[in-house]
file protein.cif (mmCIF, C-alpha atoms and all ligand atoms)
data_target
loop_
_atom_site.label_atom_id
_atom_site.label_comp_id
_atom_site.auth_asym_id
_atom_site.auth_seq_id
_atom_site.Cartn_x
_atom_site.Cartn_y
_atom_site.Cartn_z
CA MET A 1 -115.44 1.96 2.74
CA THR A 2 -111.66 1.43 3.06
CA GLN A 3 -110.15 -0.77 0.43
CA VAL A 4 -108.78 -4.16 1.49
CA LEU A 5 -105.22 -4.83 0.32
CA HIS A 6 -104.57 -8.29 -1.15
CA GLU A 7 -101.24 -10.07 -0.84
CA SER A 8 -99.91 -13.60 -1.13
CA ALA A 9 -97.32 -15.73 0.69
CA THR A 10 -96.33 -19.39 0.89
CA VAL A 11 -96.96 -19.56 4.63
CA VAL A 12 -98.78 -17.21 6.99
CA ILE A 13 -97.70 -17.70 10.58
CA VAL A 14 -100.17 -16.46 13.19
CA GLY A 15 -98.28 -15.61 16.41
CA GLY A 16 -94.72 -14.38 16.84
CA GLY A 17 -93.77 -16.35 19.96
CA VAL A 18 -91.28 -19.19 20.21
CA SER A 19 -93.00 -21.58 17.80
CA GLY A 20 -93.93 -18.96 15.20
CA LEU A 21 -90.56 -17.26 15.07
CA THR A 22 -88.67 -20.56 15.00
CA ALA A 23 -90.85 -21.93 12.20
CA ALA A 24 -90.29 -18.68 10.27
CA MET A 25 -86.51 -18.89 10.73
CA LEU A 26 -86.32 -22.57 9.76
CA LEU A 27 -88.45 -21.98 6.65
CA ARG A 28 -86.33 -18.99 5.71
CA SER A 29 -83.15 -21.03 6.04
CA CYS A 30 -84.44 -23.27 3.23
CA GLY A 31 -85.62 -20.39 1.09
CA ILE A 32 -89.35 -20.46 1.91
CA GLY A 33 -90.99 -17.14 2.59
CA SER A 34 -93.55 -16.49 5.30
CA VAL A 35 -95.42 -13.58 6.82
CA VAL A 36 -95.59 -13.58 10.62
CA LEU A 37 -98.59 -11.79 12.16
CA GLU A 38 -98.17 -10.95 15.85
CA ARG A 39 -100.93 -9.32 17.88
CA GLN A 40 -98.66 -7.62 20.39
CA THR A 41 -96.06 -4.90 19.97
CA ARG A 42 -92.40 -5.85 19.62
CA ALA A 43 -91.64 -4.47 23.09
CA ARG A 44 -94.33 -6.62 24.70
CA VAL A 45 -93.24 -9.79 22.91
CA GLU A 46 -89.62 -9.25 23.90
CA GLU A 47 -90.29 -8.70 27.59
CA ARG A 48 -92.58 -11.71 28.32
CA GLN A 49 -90.74 -13.87 30.88
CA ARG A 50 -91.76 -17.52 30.92
CA ALA A 51 -89.70 -20.63 30.19
CA GLY A 52 -85.97 -20.91 30.67
CA LEU A 53 -84.63 -24.26 29.53
CA VAL A 54 -83.82 -25.34 25.98
CA GLU A 55 -83.29 -29.12 25.93
CA HIS A 56 -80.32 -30.72 24.21
CA ARG A 57 -82.46 -31.95 21.28
CA ALA A 58 -83.49 -28.38 20.51
CA VAL A 59 -79.95 -27.03 20.90
CA ARG A 60 -78.88 -29.61 18.31
CA MET A 61 -81.79 -28.63 16.07
CA PHE A 62 -80.71 -24.98 15.93
CA GLU A 63 -77.16 -26.09 15.12
CA GLN A 64 -78.25 -28.52 12.39
CA TRP A 65 -80.31 -25.82 10.65
CA GLY A 66 -77.36 -23.41 10.73
CA LEU A 67 -78.93 -21.26 13.44
CA GLY A 68 -76.68 -22.19 16.37
CA HIS A 69 -75.80 -18.50 16.79
CA VAL A 70 -79.29 -17.85 18.25
CA LEU A 71 -78.27 -19.78 21.40
CA HIS A 72 -74.68 -18.60 21.45
CA GLY A 73 -73.38 -17.51 24.85
CA PHE A 74 -76.07 -19.11 27.00
CA PRO A 75 -74.77 -21.47 29.71
CA SER A 76 -75.10 -25.26 29.53
CA ASN A 77 -77.46 -27.02 31.86
CA ASN A 78 -77.75 -30.76 32.32
CA LEU A 79 -77.76 -31.47 36.05
CA LEU A 80 -80.72 -31.34 38.41
CA GLU A 81 -80.29 -30.94 42.15
CA VAL A 82 -83.01 -32.71 44.11
CA ARG A 83 -83.39 -31.97 47.83
CA VAL A 84 -85.42 -34.51 49.79
CA ASP A 85 -86.07 -33.27 53.35
CA GLY A 86 -83.03 -31.04 52.88
CA GLN A 87 -80.72 -33.83 51.69
CA SER A 88 -79.18 -32.82 48.39
CA ARG A 89 -78.48 -35.19 45.46
CA LEU A 90 -77.40 -34.44 41.90
CA LEU A 91 -79.35 -36.28 39.24
CA THR A 92 -77.53 -37.71 36.17
CA GLU A 93 -74.16 -36.80 37.70
CA ASP A 94 -72.98 -40.38 37.21
CA LEU A 95 -74.19 -40.67 33.63
CA ARG A 96 -71.14 -39.12 32.07
CA ASP A 97 -71.69 -40.93 28.78
CA ILE A 98 -74.87 -38.97 28.15
CA GLY A 99 -72.85 -35.76 27.88
CA ALA A 100 -75.77 -34.02 26.18
CA ALA A 101 -76.30 -30.57 27.57
CA GLY A 102 -79.29 -28.32 27.22
CA LYS A 103 -79.00 -24.58 27.78
CA SER A 104 -80.43 -22.15 30.26
CA VAL A 105 -82.06 -19.59 27.98
CA PRO A 106 -84.71 -17.19 29.30
CA GLN A 107 -87.62 -17.39 26.86
CA GLN A 108 -87.68 -13.64 26.25
CA ALA A 109 -83.96 -13.71 25.40
CA LEU A 110 -84.60 -16.47 22.84
CA VAL A 111 -87.53 -14.51 21.40
CA ARG A 112 -85.43 -11.34 21.25
CA GLY A 113 -82.67 -13.23 19.42
CA LEU A 114 -85.11 -14.79 16.96
CA VAL A 115 -86.83 -11.45 16.23
CA ALA A 116 -83.48 -9.74 15.62
CA ALA A 117 -82.14 -12.56 13.43
CA PHE A 118 -85.35 -12.84 11.38
CA LEU A 119 -85.61 -9.10 10.74
CA ALA A 120 -81.89 -8.76 10.00
CA ASP A 121 -82.31 -11.49 7.39
CA GLY A 122 -85.14 -9.58 5.70
CA GLY A 123 -87.97 -11.59 7.29
CA ASP A 124 -91.54 -10.25 7.19
CA LEU A 125 -92.75 -9.87 10.78
CA ARG A 126 -95.74 -7.61 11.43
CA PHE A 127 -96.42 -6.54 15.00
CA ALA A 128 -99.67 -5.12 16.39
CA ALA A 129 -101.73 -7.11 13.87
CA ALA A 130 -105.38 -6.93 14.96
CA ASP A 131 -108.55 -8.86 14.05
CA VAL A 132 -106.68 -11.84 12.59
CA ALA A 133 -109.16 -14.29 11.01
CA LEU A 134 -108.63 -17.50 9.04
CA HIS A 135 -110.69 -18.40 5.97
CA GLY A 136 -110.97 -21.34 3.56
CA LEU A 137 -108.85 -23.74 5.58
CA ASP A 138 -110.26 -26.69 3.64
CA SER A 139 -109.20 -25.23 0.29
CA ASP A 140 -105.76 -25.29 -1.40
CA LYS A 141 -105.50 -21.52 -0.97
CA PRO A 142 -106.56 -20.47 2.50
CA MET A 143 -106.60 -16.79 3.38
CA VAL A 144 -105.75 -14.81 6.48
CA SER A 145 -107.29 -11.39 7.03
CA TYR A 146 -106.16 -8.81 9.58
CA THR A 147 -105.91 -5.11 10.32
CA GLY A 148 -102.37 -3.72 10.30
CA SER A 149 -100.90 -1.33 12.87
CA ASP A 150 -101.65 1.46 10.35
CA GLY A 151 -105.36 0.58 10.42
CA GLN A 152 -105.24 -0.89 6.91
CA ALA A 153 -107.34 -4.03 6.32
CA ARG A 154 -105.36 -6.76 4.54
CA GLU A 155 -105.90 -10.27 3.18
CA ILE A 156 -103.07 -12.70 2.54
CA GLU A 157 -103.69 -15.73 0.35
CA CYS A 158 -101.32 -18.59 1.11
CA ASP A 159 -100.59 -22.32 0.78
CA PHE A 160 -100.37 -23.04 4.51
CA VAL A 161 -101.34 -21.39 7.79
CA ALA A 162 -99.22 -22.09 10.87
CA GLY A 163 -101.29 -21.50 14.01
CA CYS A 164 -98.68 -20.45 16.57
CA ASP A 165 -100.85 -18.19 18.70
CA GLY A 166 -101.10 -20.09 21.98
CA ASP A 167 -104.04 -21.87 23.57
CA ARG A 168 -106.31 -18.81 23.57
CA GLY A 169 -105.48 -17.81 20.01
CA ILE A 170 -107.67 -17.64 16.97
CA SER A 171 -106.12 -20.63 15.17
CA ALA A 172 -107.38 -23.48 17.36
CA ALA A 173 -110.68 -21.60 17.72
CA SER A 174 -111.07 -21.64 13.91
CA ILE A 175 -111.36 -25.43 13.85
CA PRO A 176 -115.04 -26.47 13.95
CA SER A 177 -115.92 -27.70 17.44
CA ASP A 178 -117.08 -31.11 16.17
CA VAL A 179 -113.70 -31.84 14.55
CA GLY A 180 -111.15 -33.84 16.56
CA THR A 181 -110.78 -34.24 20.30
CA VAL A 182 -109.27 -32.14 23.06
CA HIS A 183 -107.82 -34.26 25.89
CA ARG A 184 -107.82 -32.28 29.14
CA TYR A 185 -106.40 -33.03 32.56
CA ASP A 186 -106.45 -30.91 35.70
CA TYR A 187 -103.78 -31.93 38.21
CA GLY A 188 -105.69 -30.43 41.15
CA ILE A 189 -102.44 -28.66 42.07
CA HIS A 190 -101.72 -24.92 42.17
CA TRP A 191 -98.31 -23.30 42.04
CA LEU A 192 -97.22 -19.84 43.01
CA THR A 193 -94.57 -18.72 40.55
CA VAL A 194 -92.18 -15.97 41.60
CA LEU A 195 -89.74 -14.10 39.41
CA ALA A 196 -87.04 -12.38 41.40
CA GLU A 197 -83.77 -10.59 40.86
CA ALA A 198 -82.10 -13.22 43.00
CA PRO A 199 -78.89 -14.96 41.88
CA ALA A 200 -79.50 -18.07 39.80
CA PRO A 201 -78.89 -21.42 41.53
CA ARG A 202 -75.83 -23.45 40.53
CA TYR A 203 -78.06 -26.24 39.20
CA ALA A 204 -81.77 -26.42 38.45
CA LEU A 205 -83.23 -27.22 41.86
CA MET A 206 -86.33 -29.12 43.03
CA ALA A 207 -87.13 -29.78 46.66
CA THR A 208 -89.68 -31.98 48.33
CA GLY A 209 -90.41 -32.44 52.00
CA GLU A 210 -93.12 -32.13 54.63
CA ARG A 211 -93.84 -28.45 53.82
CA GLY A 212 -94.44 -29.22 50.14
CA TYR A 213 -92.80 -28.84 46.76
CA ALA A 214 -90.54 -25.90 45.89
CA ALA A 215 -88.14 -25.24 43.02
CA GLN A 216 -85.66 -22.68 41.72
CA PHE A 217 -84.48 -22.24 38.12
CA ALA A 218 -82.10 -19.78 36.47
CA ARG A 219 -83.50 -16.97 34.35
CA GLY A 220 -80.19 -15.46 33.32
CA PRO A 221 -77.29 -15.02 35.78
CA GLY A 222 -78.98 -12.47 38.04
CA ALA A 223 -82.55 -13.74 38.09
CA SER A 224 -84.46 -16.79 39.29
CA ARG A 225 -87.87 -18.30 38.82
CA PHE A 226 -89.20 -20.00 41.96
CA TYR A 227 -92.17 -22.30 42.28
CA LEU A 228 -94.14 -23.16 45.43
CA HIS A 229 -97.02 -25.60 45.68
CA VAL A 230 -99.78 -23.57 47.39
CA ALA A 231 -103.37 -24.07 48.54
CA ASP A 232 -105.89 -24.20 45.70
CA GLU A 233 -107.73 -21.13 46.96
CA ASP A 234 -104.58 -18.97 47.33
CA THR A 235 -104.05 -15.89 45.21
CA ALA A 236 -100.83 -13.92 44.68
CA ALA A 237 -102.13 -11.42 47.27
CA ASP A 238 -101.85 -14.15 49.94
CA TRP A 239 -98.11 -14.26 49.32
CA PRO A 240 -96.35 -11.02 50.28
CA ASP A 241 -92.58 -11.03 49.74
CA GLU A 242 -91.70 -11.86 53.38
CA ARG A 243 -93.92 -14.94 53.31
CA ILE A 244 -92.44 -16.06 49.97
CA TRP A 245 -88.85 -15.85 51.22
CA ALA A 246 -89.66 -17.47 54.57
CA GLU A 247 -91.40 -20.40 52.87
CA LEU A 248 -88.71 -20.84 50.21
CA THR A 249 -86.00 -20.82 52.89
CA HIS A 250 -87.88 -23.58 54.76
CA ARG A 251 -88.75 -25.77 51.78
CA LEU A 252 -85.35 -25.46 50.11
CA HIS A 253 -83.67 -26.02 53.53
CA GLN A 254 -81.43 -23.09 52.75
CA PRO A 255 -81.24 -20.48 55.54
CA ASP A 256 -78.77 -18.42 53.47
CA LEU A 257 -80.92 -18.43 50.29
CA PRO A 258 -79.88 -15.29 48.37
CA THR A 259 -82.95 -13.09 47.91
CA GLY A 260 -83.66 -10.03 45.76
CA PRO A 261 -86.51 -7.83 44.56
CA VAL A 262 -89.58 -9.82 43.49
CA THR A 263 -90.60 -8.70 40.00
CA ALA A 264 -93.69 -10.85 39.35
CA THR A 265 -95.91 -13.38 41.12
CA GLU A 266 -98.81 -15.46 39.88
CA VAL A 267 -100.82 -18.45 41.06
CA PHE A 268 -101.78 -20.92 38.32
CA PRO A 269 -103.19 -24.46 38.11
CA LEU A 270 -101.15 -27.34 36.70
CA ARG A 271 -103.07 -28.53 33.67
CA SER A 272 -102.68 -30.39 30.41
CA SER A 273 -104.61 -30.12 27.20
CA ILE A 274 -103.83 -31.85 23.91
CA ARG A 275 -105.69 -31.25 20.66
CA GLU A 276 -105.91 -34.23 18.33
CA PRO A 277 -105.30 -33.98 15.42
CA MET A 278 -102.95 -30.99 15.36
CA SER A 279 -103.96 -29.99 11.83
CA HIS A 280 -107.13 -29.17 9.97
CA GLY A 281 -107.04 -28.80 6.17
CA ARG A 282 -104.23 -26.35 5.43
CA LEU A 283 -103.98 -25.17 9.08
CA PHE A 284 -101.22 -26.65 11.24
CA LEU A 285 -101.18 -25.96 14.97
CA LEU A 286 -97.81 -25.50 16.68
CA GLY A 287 -96.84 -25.16 20.35
CA ASP A 288 -99.37 -24.08 22.95
CA ALA A 289 -102.05 -23.69 20.26
CA ALA A 290 -102.06 -27.50 20.11
CA HIS A 291 -100.98 -28.57 23.59
CA ILE A 292 -100.50 -27.24 27.10
CA ILE A 293 -98.19 -29.01 29.52
CA PRO A 294 -97.44 -28.00 33.11
CA PRO A 295 -94.01 -26.38 33.63
CA MET A 296 -93.03 -29.32 35.90
CA GLY A 297 -90.74 -30.89 33.30
CA ALA A 298 -89.83 -27.64 31.45
CA LYS A 299 -91.18 -28.99 28.17
CA GLY A 300 -93.71 -26.44 26.84
CA MET A 301 -91.19 -24.31 24.97
CA ASN A 302 -89.32 -27.41 23.82
CA LEU A 303 -92.45 -28.94 22.32
CA ALA A 304 -93.06 -25.64 20.52
CA LEU A 305 -89.55 -25.88 19.05
CA PHE A 306 -90.10 -29.51 18.01
CA ASP A 307 -93.39 -28.70 16.26
CA ALA A 308 -91.65 -25.85 14.41
CA GLU A 309 -89.01 -28.24 13.07
CA VAL A 310 -91.53 -30.90 11.99
CA PHE A 311 -93.68 -28.26 10.26
CA ALA A 312 -90.77 -26.54 8.49
CA SER A 313 -89.38 -29.89 7.29
CA ALA A 314 -92.79 -30.91 5.95
CA VAL A 315 -93.30 -27.63 4.04
CA ARG A 316 -89.73 -27.81 2.72
CA ASP A 317 -90.25 -31.34 1.36
CA PHE A 318 -93.56 -30.36 -0.21
CA ALA A 319 -92.09 -27.25 -1.82
CA ALA A 320 -89.02 -29.08 -3.10
CA ALA A 321 -90.56 -32.22 -4.57
CA GLY A 322 -94.30 -32.17 -3.96
CA ASP A 323 -93.74 -34.74 -1.19
CA GLU A 324 -96.82 -34.56 1.05
CA SER A 325 -95.84 -37.30 3.49
CA GLY A 326 -94.43 -34.87 6.06
CA LEU A 327 -97.57 -32.74 5.99
CA ARG A 328 -99.79 -35.81 6.30
CA GLY A 329 -97.68 -37.18 9.17
CA TYR A 330 -97.30 -33.82 10.95
CA SER A 331 -99.95 -34.41 13.59
CA ASP A 332 -98.94 -37.99 14.44
CA THR A 333 -95.25 -37.11 14.65
CA CYS A 334 -95.86 -34.15 16.97
CA LEU A 335 -98.46 -35.94 19.07
CA ALA A 336 -96.14 -38.87 19.72
CA ARG A 337 -93.59 -36.55 21.36
CA THR A 338 -96.30 -34.55 23.11
CA TRP A 339 -97.68 -37.67 24.79
CA ARG A 340 -94.19 -38.80 25.83
CA TYR A 341 -93.56 -35.41 27.42
CA GLN A 342 -97.00 -35.34 29.02
CA GLU A 343 -96.23 -38.73 30.59
CA TYR A 344 -92.85 -37.43 31.81
CA SER A 345 -94.36 -34.30 33.35
CA ASN A 346 -97.14 -36.34 34.91
CA TRP A 347 -94.61 -38.82 36.36
CA LEU A 348 -92.48 -36.01 37.75
CA ALA A 349 -95.46 -34.10 39.20
CA ASP A 350 -96.85 -37.23 40.86
CA MET A 351 -93.49 -38.05 42.36
CA MET A 352 -92.45 -34.62 43.60
CA HIS A 353 -95.85 -33.68 45.06
CA GLY A 354 -96.61 -37.17 46.31
CA ALA A 355 -93.30 -37.42 48.14
CA SER A 356 -94.18 -34.27 50.04
CA GLY A 357 -97.47 -35.69 51.25
CA SER A 358 -99.71 -34.10 48.60
CA PRO A 359 -100.31 -36.97 46.19
CA VAL A 360 -101.85 -35.84 42.90
CA GLY A 361 -105.41 -37.21 42.92
CA GLY A 362 -105.27 -38.21 46.62
CA GLY A 363 -104.16 -41.58 48.01
CA GLY A 364 -103.09 -40.64 51.54
CA SER A 365 -100.02 -42.04 53.28
CA PHE A 366 -99.90 -45.13 51.03
CA ARG A 367 -99.45 -42.95 47.94
CA GLU A 368 -96.91 -40.78 49.74
CA ARG A 369 -94.73 -43.81 50.58
CA ILE A 370 -95.01 -45.14 47.03
CA MET A 371 -93.85 -41.78 45.66
CA ARG A 372 -91.00 -41.66 48.18
CA ALA A 373 -89.93 -45.12 46.97
CA ARG A 374 -90.12 -43.95 43.35
CA LEU A 375 -87.99 -40.91 44.11
CA GLU A 376 -85.44 -42.98 46.03
CA ARG A 377 -85.17 -45.38 43.10
CA LEU A 378 -84.66 -42.47 40.71
CA LEU A 379 -81.88 -41.09 42.90
CA SER A 380 -80.12 -44.42 43.40
CA SER A 381 -80.68 -46.50 40.26
CA GLU A 382 -78.75 -45.87 37.06
CA VAL A 383 -81.52 -47.42 34.98
CA ALA A 384 -84.13 -45.10 36.50
CA ALA A 385 -81.84 -42.09 36.08
CA ARG A 386 -81.40 -42.98 32.40
CA TYR A 387 -85.14 -42.69 31.78
CA TYR A 388 -85.07 -39.26 33.38
CA ALA A 389 -81.99 -38.23 31.38
CA GLU A 390 -83.53 -39.35 28.09
CA MET A 391 -86.60 -37.24 28.73
CA PHE A 392 -84.73 -34.27 30.18
CA THR A 393 -82.41 -34.04 27.17
CA GLY A 394 -85.23 -34.70 24.69
CA LEU A 395 -83.29 -37.59 23.18
CA GLY A 396 -85.86 -40.16 24.31
P1 LIG B 401 -96.39 -18.23 22.89
O1 LIG B 401 -94.97 -18.10 23.28
O2 LIG B 401 -97.44 -17.94 23.91
O3 LIG B 401 -96.62 -17.33 21.62
C1 LIG B 401 -97.91 -17.14 21.09
C2 LIG B 401 -97.91 -15.80 20.37
O4 LIG B 401 -99.14 -15.63 19.67
C3 LIG B 401 -99.58 -14.28 19.86
N1 LIG B 401 -101.02 -14.24 19.58
C4 LIG B 401 -101.56 -13.76 18.44
N2 LIG B 401 -100.99 -13.21 17.35
C5 LIG B 401 -101.81 -12.80 16.35
N3 LIG B 401 -103.16 -12.92 16.41
C6 LIG B 401 -103.77 -13.48 17.47
N4 LIG B 401 -105.11 -13.60 17.50
C7 LIG B 401 -102.97 -13.92 18.55
N5 LIG B 401 -103.21 -14.51 19.75
C8 LIG B 401 -102.04 -14.71 20.35
C9 LIG B 401 -99.19 -13.95 21.28
O5 LIG B 401 -99.12 -12.56 21.50
C10 LIG B 401 -97.82 -14.63 21.35
O6 LIG B 401 -96.76 -13.78 20.97
O7 LIG B 401 -96.72 -19.70 22.34
P2 LIG B 401 -95.75 -20.77 21.64
O8 LIG B 401 -94.96 -20.15 20.53
O9 LIG B 401 -96.62 -21.92 21.35
O10 LIG B 401 -94.68 -21.17 22.75
C11 LIG B 401 -95.08 -21.94 23.86
C12 LIG B 401 -94.27 -21.53 25.09
O11 LIG B 401 -94.29 -20.13 25.21
C13 LIG B 401 -94.83 -22.18 26.37
O12 LIG B 401 -95.10 -23.54 26.15
C14 LIG B 401 -93.82 -22.06 27.53
O13 LIG B 401 -93.69 -20.71 27.95
C15 LIG B 401 -94.28 -22.94 28.68
N6 LIG B 401 -93.40 -22.82 29.84
C16 LIG B 401 -92.18 -23.48 29.88
N7 LIG B 401 -91.78 -24.23 28.82
C17 LIG B 401 -90.55 -24.83 28.83
O14 LIG B 401 -90.19 -25.50 27.85
N8 LIG B 401 -89.69 -24.70 29.91
C18 LIG B 401 -90.02 -23.97 31.00
O15 LIG B 401 -89.21 -23.85 31.92
C19 LIG B 401 -91.31 -23.33 31.01
N9 LIG B 401 -91.68 -22.56 32.05
C20 LIG B 401 -93.79 -22.04 30.93
C21 LIG B 401 -92.89 -21.92 32.02
C22 LIG B 401 -95.02 -21.37 30.95
C23 LIG B 401 -95.37 -20.62 32.06
N10 LIG B 401 -96.67 -20.01 32.09
C24 LIG B 401 -97.12 -19.27 30.96
C25 LIG B 401 -97.64 -20.59 32.96
C26 LIG B 401 -93.22 -21.12 33.09
C27 LIG B 401 -94.48 -20.48 33.14
C28 LIG B 401 -94.81 -19.63 34.33
#
call {"tool": "encode", "arguments": {"input": "protein.cif", "output": "C-alpha cells"}}
result
Amino acid sequence: MTQVLHESATVVIVGGGVSGLTAAMLLRSCGIGSVVLERQTRARVEERQRAGLVEHRAVRMFEQWGLGHVLHGFPSNNLLEVRVDGQSRLLTEDLRDIGAAGKSVPQQALVRGLVAAFLADGGDLRFAAADVALHGLDSDKPMVSYTGSDGQAREIECDFVAGCDGDRGISAASIPSDVGTVHRYDYGIHWLTVLAEAPAPRYALMATGERGYAAQFARGPGASRFYLHVADEDTAADWPDERIWAELTHRLHQPDLPTGPVTATEVFPLRSSIREPMSHGRLFLLGDAAHIIPPMGAKGMNLALFDAEVFASAVRDFAAAGDESGLRGYSDTCLARTWRYQEYSNWLADMMHGASGSPVGGGGSFRERIMRARLERLLSSEVAARYYAEMFTGLG
C-alpha cells in the first residue's frame, strides 16, 4: 500500500477560483499561510470565461489590502445603458456625486492575475488535486485528504478549511444534510448566453421590449457576452449563429450591431440558492459553495470576493489576538450582503423581464404595466436611481 504523506497548514482552501485565490492572497498579505487545492489544471482554470464586472466595493477592497495591482489596467465601468423599446437611457449619469467606479474585468483575467501573483509571492497552489475529502470538521484540527497530480495520497491537518469549490463541490456536500437550511428559488426563466469575438459595447447594456430581454456586456475590448431570454425548452442547438444575431439586432434595436465569431453558447435557468449558515465547525463556505445568484445583477463574483475578505479578516484577527468574533460572525455578515444582492437581482429580473411582457411568476398584462411603471420610475427618479447605484457599486 502506498504511504500517505502528512502535512500541516493554518488554512486549507478547497478550490482555486475567484473566492479561493482571493482568500489565499488576502491571508498571505497578513502573513498567514494556506494551501490551495484545485481540481482542475492551471490551463483550465485560467481559460474559464464567466463573470466580467468587479464592483466598486471590491476594487476598493483590493486597494486597501495592497493588492490594487491585480486590477491594474482594466477599464472603469459605472454606467448602464437601458433600452426600452429601442429608446436609450443612461442610468446613474446624473449622479455625479457617486463617482464610484467598478471595473470591467473578465473573470478568467482576474483568475490569471491572482494565480500569477500568488505563485510569484511563493504561495502554495496545487492543481489537478483529486479525491479531495474533508474530515473532522467539528474538531479543532480538521484534516483534508487528496491525491496529488503525481498520484501521491496526502493529508493536511489545519486550523480552518475554506470551502471555495462552487455549488457542486465537496465542501458544501460535507455538511450533514440535517444541518442548516438551503433556500432555493427558481425564476422560471431561461437565458441563452453567447460569448462572441464582437467589440465590447460602450456601456453595459440591457434592453427590454416586446421581443423580450437582451443584454450585452464587455469581456475585454474585443469580446462580448450577450444574454437572450429564451423559451424554457430551448437548447443551444435551437440557436444557430444567424438566429442569434438576427434576434440580438431586433431586441437591442441596433441594425448595425457589430458581430463576430461566436465562441460559446449555453442555455441555463435563472436560479438562486443560499445555504444558511455558511459555516459548519471549522469549515467556512465562500462564494458559489454557499450561494448562487443569477447573473442578472452581476453579483456572483462580487459576493465571492466579499466572502473572501470577511473570512481572511476573521482568520487574521483570530491568529493575531485569539479574537473569535469575526469567525463567529462570518455567516451572518456574509448572509446579510447575500440577501441584499439576492433582493437586488430579483428586483432587476422582475423589472426587466416583466417590462417585456414575461413577468417572473406570471401576472399577465397587469404585472407587465406595473413593471413598466417601475422601470420608468428608475429611469426618471433620482431617488430610485440612487438605490440602483448603491447596489451596483456594492456600497449599499
Ligand atoms: P468558482 O469560480 O466556480 O471556483 C470554484 C473552483 O473550485 C474548483 N473545484 C474543486 N477543487 C478541488 N476539489 C474539488 N472537489 C473541487 N470542486 C470544484 C473548481 O474547479 C473551481 O476552480 O467559484 P467561486 O470562487 O465561488 O466564484 C464564484 C463565481 O465564479 C461566480 O459566482 C460567477 O462566475 C457568477 N457569474 C457572474 N458573477 C458576477 O459577479 N458578475 C457577472 O457578470 C457574472 N456573470 C456568472 C456570470 C456565472 C455564469 N455562469 C456560470 C452561469 C455569467 C455566467 C454565464
call {"tool": "axis_aligned_box", "arguments": {"input": "protein.cif", "around": "ligand LIG 401 (chain B)", "padding_each_side": "4 Å", "output": "JSON"}}
result
{"center_x": -97.2, "center_y": -19.0, "center_z": 25.3, "size_x": 23.9, "size_y": 20.9, "size_z": 26.0}
call {"tool": "closest_atom_pairs", "arguments": {"input": "protein.cif", "of": "range 89-172 of chain A", "to": "range 292-306 of chain A", "cutoff": "9 Å", "atoms": "all atoms listed in the file", "output": "tab-separated table"}}
result
residue	atom	partner	partner_atom	distance
A:Gln107	CA	A:Met301	CA	8.0
A:Cys164	CA	A:Ala304	CA	8.6
A:Gly166	CA	A:Ile292	CA	8.8
A:Asp167	CA	A:Ile292	CA	7.3
call {"tool": "residues_around", "arguments": {"input": "protein.cif", "residues": "Ala129 in chain A", "least_positions_apart": "6", "cutoff": "6 Å", "atoms": "all atoms listed in the file", "output": "list in words"}}
result
Leu37, Glu38, Arg39, Thr147, Gly148 and Ser149 of chain A
call {"tool": "atom_distance", "arguments": {"input": "protein.cif", "atom1": "CA of Tyr387 in chain A", "atom2": "atom C22 of ligand LIG 401 (chain B)"}}
result
23.5 Å
call {"tool": "residues_around", "arguments": {"input": "protein.cif", "residues": "Gly220 in chain A", "least_positions_apart": "4", "cutoff": "9 Å", "atoms": "all atoms listed in the file", "output": "list in words"}}
result
Gly52, Phe74, Pro75, Ser104, Val105, Pro106, Ala109, Pro199, Ala200 and Ser224 of chain A
call {"tool": "closest_atom_pairs", "arguments": {"input": "protein.cif", "of": "range 81-168 of chain A", "to": "range 368-379 of chain A", "cutoff": "9 Å", "atoms": "all atoms listed in the file", "output": "CSV"}}
result
residue,atom,partner,partner_atom,distance
A:Val82,CA,A:Leu379,CA,8.5
A:Val84,CA,A:Leu375,CA,8.9
A:Arg89,CA,A:Leu379,CA,7.3
A:Leu90,CA,A:Leu379,CA,8.1
A:Leu91,CA,A:Leu379,CA,6.6
A:Thr92,CA,A:Leu379,CA,8.7
